[in-house]
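Below is one structure; the comments refer to it alone.
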Amino acid sequence: MTAPRMLLILSENWTLTSGRDLPTLVRWAREAEDAGFDAVMISEHVVLGPDASDRGVMANPREYALPGNQDPLTPWPHSLSLLSSIAAVTSRIRLVAGAILAPLRHPLLLARELGTLDLLSEGRLVVQPTVSWSRDEYDALGVPFGRRGRILDEQLAILDLLWRASPASYSGEFFSFKDISFEPKAYREDGPRMWFGGQHLHDRLLDRLVRYGHGFHPLGVPSTEDISRLRAAVPGRELELIGGTRAVFPDAGSCADLGQAMAALPEQIELGFTTFCLKPSQFTDDPDDVGRLCREVVRRAEAMVRRTD
């Protein structure tokens, strides 16, 4: 058994630092790399509206932001800009652009943003395109919410085309262009690595994983049936499975226990998961403690291997 790969979530840590203090997030990424973490991840929203909190704000602000449980004033800085800054001060750690809201961008612009960051980081970029959940956000940007899945499918086809061909032409329901040249391309000839995720392994998500995916990052713990279905759909191909720690908060104002949260990893490892997300603000309130926390996480992860060998 190899040691679990750990991923540090840099979004939603506003109990640790101000939403305007972005250099601190860059510092945490460097500390995570130094500690032996495999990846950092930043997710995104462009804007939030009233539907961000239509299910009530989370009881403990350290919990994950889920559809409808967050204050509309929650900071969401531009993820690709932040990852560019992190790429410039790191050399090994993977850069995960989580929850990229692809339908809110033109695919040619998205390809330019992603391809440049992938080249800058020498292939360390991982992209998780998604349609997201906020109708208010789509309305604000003038994109039809009910057609977002079909828009994403066209965008994925266009990205795949642009990584491989120049000049390129495409004619679809939402996007069309003819004989355009796209240079420079991404670091690899098939583009950045791509993860897909969601609450359920529905047919459209499975199709995206089969066509374009390198990893499956579900929201929550998928059923064994979903995992079996996914493996049957990609025989002979290794898809990275991304899980996470399970923080349990004793009350609305306290951090969770790290050991208890990491106890959820062995069960996921048995299912074939290899990469695990951790949000630092769930375990400390001190922004200067993140480096130590990362080292302790890696120590515990490596100890899991020694106990099973």
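A note on labels: chains of the structure tokens are A, B, ... as shown, every chain counts residues from 1, and ligands are counted from 1 in their shown order.
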
Those of region 9-152 of chain A in DSSP helix (DSSP H, G or I), formatted as a ChimeraX atom specification: /A:22-35,50-53,79-89,102-104,107-120,135-141,145-152

Residues within 7 Å of Gln199 (chain A), only C-alpha atoms, excluding chain neighbours under 2 positions, as number ranges by chain: A: 218-220

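One finds CA of Asn13 (chain A) at 9.1 Å from CA of Leu25 (chain A).
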
Do you know which residues are at most 6 Å from Ala256 (chain A) counting only C-alpha atoms, after dropping those on the same chain fewer than 6 positions away, and could you put them as a ChimeraX atom specification? /A:247-249,282-283

Could you pull the residues within 10 Å of region 153-169 of chain A, counting only C-alpha atoms, minus those fewer than 5 positions along the same chain, as a ChimeraX atom specification? /A:102-103,105-108,110-112,114-115,129,148,174-192,204,207-208,211-212

Could you give me the residues within region 112-296 of chain A that DSSP places in strand (DSSP E or B), as a PyMOL selection string? chain A and resi 125-130+168-171+176-180+193-196+215-216+240-244+275-278

Fewer than 5 positions away in the same chain doesn't count, so skip those; otherwise give me all residues within 8 Å of Glu31 (chain A), counting only C-alpha atoms, as a PyMOL selection string. chain A and resi 290-291+294

Residues from last step as file, C-alpha atoms, as a PDB file, in the first residue's frame:
```
ATOM      1  CA  VAL A 290      -1.028  25.469   8.605  1.00  0.00           C
ATOM      2  CA  GLY A 291       2.516  24.296   7.851  1.00  0.00           C
ATOM      3  CA  CYS A 294       0.275  19.756   6.902  1.00  0.00           C
TER       4      CYS A 294
END
```

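Our summary of the geometry notes that CA of Asp288 (chain A) is positioned 12.8 Å from CA of Val26 (chain A).
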
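Among the candidates A:Met262, A:Leu120, A:Gln268, A:Trp133, the residue lying nearest to Gly149 (chain A) is A:Trp133 (atoms considered: only C-alpha atoms).
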
Quick one: residues within 9 Å of Leu125 (chain A), only C-alpha atoms, excluding same-chain residues fewer than 2 positions away - as a PyMOL selection string? chain A and resi 83+94-97+114+117-119+121-123+127+192-194

Please save N, CA, C and O atoms of the selected residues as a PDB file, in the first residue's frame.
```
ATOM      1  N   LEU A  83      -3.988  30.243  -8.696  1.00  0.00           N
ATOM      2  CA  LEU A  83      -3.165  29.086  -9.041  1.00  0.00           C
ATOM      3  C   LEU A  83      -1.946  29.494  -9.856  1.00  0.00           C
ATOM      4  O   LEU A  83      -0.886  28.861  -9.760  1.00  0.00           O
ATOM      5  N   ARG A  94       0.611  19.558  -7.410  1.00  0.00           N
ATOM      6  CA  ARG A  94      -0.396  19.713  -8.459  1.00  0.00           C
ATOM      7  C   ARG A  94      -1.353  20.856  -8.112  1.00  0.00           C
ATOM      8  O   ARG A  94      -1.652  21.105  -6.934  1.00  0.00           O
ATOM      9  N   LEU A  95      -1.837  21.517  -9.156  1.00  0.00           N
ATOM     10  CA  LEU A  95      -2.698  22.686  -9.011  1.00  0.00           C
ATOM     11  C   LEU A  95      -4.086  22.318  -9.520  1.00  0.00           C
ATOM     12  O   LEU A  95      -4.294  22.176 -10.729  1.00  0.00           O
ATOM     13  N   VAL A  96      -5.031  22.168  -8.600  1.00  0.00           N
ATOM     14  CA  VAL A  96      -6.363  21.697  -8.962  1.00  0.00           C
ATOM     15  C   VAL A  96      -7.320  22.884  -9.023  1.00  0.00           C
ATOM     16  O   VAL A  96      -7.581  23.538  -8.012  1.00  0.00           O
ATOM     17  N   ALA A  97      -7.807  23.150 -10.234  1.00  0.00           N
ATOM     18  CA  ALA A  97      -8.835  24.172 -10.433  1.00  0.00           C
ATOM     19  C   ALA A  97     -10.178  23.487 -10.254  1.00  0.00           C
ATOM     20  O   ALA A  97     -10.760  22.955 -11.196  1.00  0.00           O
ATOM     21  N   LEU A 114      -6.766  28.019 -19.396  1.00  0.00           N
ATOM     22  CA  LEU A 114      -6.299  26.726 -18.890  1.00  0.00           C
ATOM     23  C   LEU A 114      -4.984  26.323 -19.550  1.00  0.00           C
ATOM     24  O   LEU A 114      -4.065  25.845 -18.872  1.00  0.00           O
ATOM     25  N   LEU A 117      -2.002  28.352 -18.079  1.00  0.00           N
ATOM     26  CA  LEU A 117      -1.634  27.928 -16.731  1.00  0.00           C
ATOM     27  C   LEU A 117      -0.989  26.548 -16.748  1.00  0.00           C
ATOM     28  O   LEU A 117      -0.047  26.278 -15.995  1.00  0.00           O
ATOM     29  N   ASP A 118      -1.457  25.667 -17.616  1.00  0.00           N
ATOM     30  CA  ASP A 118      -0.865  24.337 -17.708  1.00  0.00           C
ATOM     31  C   ASP A 118       0.572  24.412 -18.200  1.00  0.00           C
ATOM     32  O   ASP A 118       1.454  23.707 -17.695  1.00  0.00           O
ATOM     33  N   LEU A 119       0.838  25.287 -19.176  1.00  0.00           N
ATOM     34  CA  LEU A 119       2.205  25.472 -19.651  1.00  0.00           C
ATOM     35  C   LEU A 119       3.086  26.106 -18.575  1.00  0.00           C
ATOM     36  O   LEU A 119       4.222  25.695 -18.354  1.00  0.00           O
ATOM     37  N   SER A 121       2.855  25.917 -15.422  1.00  0.00           N
ATOM     38  CA  SER A 121       3.144  24.983 -14.339  1.00  0.00           C
ATOM     39  C   SER A 121       3.775  23.693 -14.827  1.00  0.00           C
ATOM     40  O   SER A 121       3.979  22.771 -14.038  1.00  0.00           O
ATOM     41  N   GLU A 122       4.084  23.614 -16.122  1.00  0.00           N
ATOM     42  CA  GLU A 122       4.705  22.432 -16.735  1.00  0.00           C
ATOM     43  C   GLU A 122       3.883  21.173 -16.484  1.00  0.00           C
ATOM     44  O   GLU A 122       4.387  20.139 -16.062  1.00  0.00           O
ATOM     45  N   GLY A 123       2.579  21.273 -16.758  1.00  0.00           N
ATOM     46  CA  GLY A 123       1.705  20.116 -16.704  1.00  0.00           C
ATOM     47  C   GLY A 123       1.150  19.760 -15.351  1.00  0.00           C
ATOM     48  O   GLY A 123       0.567  18.682 -15.187  1.00  0.00           O
ATOM     49  N   VAL A 127      -8.007  20.131 -13.881  1.00  0.00           N
ATOM     50  CA  VAL A 127      -9.215  20.934 -14.042  1.00  0.00           C
ATOM     51  C   VAL A 127     -10.433  20.077 -13.726  1.00  0.00           C
ATOM     52  O   VAL A 127     -10.532  18.938 -14.194  1.00  0.00           O
ATOM     53  N   PRO A 192      -4.805  19.500 -20.153  1.00  0.00           N
ATOM     54  CA  PRO A 192      -4.637  19.268 -18.718  1.00  0.00           C
ATOM     55  C   PRO A 192      -5.404  18.025 -18.263  1.00  0.00           C
ATOM     56  O   PRO A 192      -6.371  17.596 -18.901  1.00  0.00           O
ATOM     57  N   ARG A 193      -4.978  17.454 -17.140  1.00  0.00           N
ATOM     58  CA  ARG A 193      -5.729  16.346 -16.534  1.00  0.00           C
ATOM     59  C   ARG A 193      -7.094  16.885 -16.100  1.00  0.00           C
ATOM     60  O   ARG A 193      -7.210  18.028 -15.642  1.00  0.00           O
ATOM     61  N   MET A 194      -8.123  16.047 -16.215  1.00  0.00           N
ATOM     62  CA  MET A 194      -9.480  16.481 -15.887  1.00  0.00           C
ATOM     63  C   MET A 194     -10.128  15.538 -14.880  1.00  0.00           C
ATOM     64  O   MET A 194     -10.093  14.315 -15.041  1.00  0.00           O
TER      65      MET A 194
END
```

Compile the contact shell of Gly272 (chain A) as an mmCIF file with C-alpha atoms, in the first residue's frame: residues with an atom at most 9 Å away, counting only C-alpha atoms, same-chain residues fewer than 5 positions apart removed.
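What landed in result_19.cif:
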```cif
data_model
loop_
_atom_site.group_PDB
_atom_site.id
_atom_site.type_symbol
_atom_site.label_atom_id
_atom_site.label_comp_id
_atom_site.auth_asym_id
_atom_site.auth_seq_id
_atom_site.Cartn_x
_atom_site.Cartn_y
_atom_site.Cartn_z
ATOM 1 C CA ILE A 227 -17.747 2.666 -8.098
ATOM 2 C CA GLU A 240 -7.897 8.585 -9.894
ATOM 3 C CA LEU A 241 -10.504 8.454 -7.115
#
```

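Residue nearest Arg299 (chain A) within the list A:Ala252, A:Thr15, A:Gly36, A:Thr130: A:Gly36 [criterion: smallest interatomic distance, only C-alpha atoms].
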
Could you please determine the separation between CA of Pro144 (chain A) and CA of His200 (chain A) in Å, to one decimal place? 22.6 Å

Between A:Ser43, A:Ala59, A:Phe37, A:Arg27, single out the one closest to Ser85 (chain A), counting only C-alpha atoms.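 For Ser85 (chain A), the nearest of the candidates is A:Arg27.
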
Given only C-alpha atoms as the basis, pick out the residue of A:His217, A:Arg124, A:His45, A:Arg150 nearest to Gly198 (chain A). A:His217
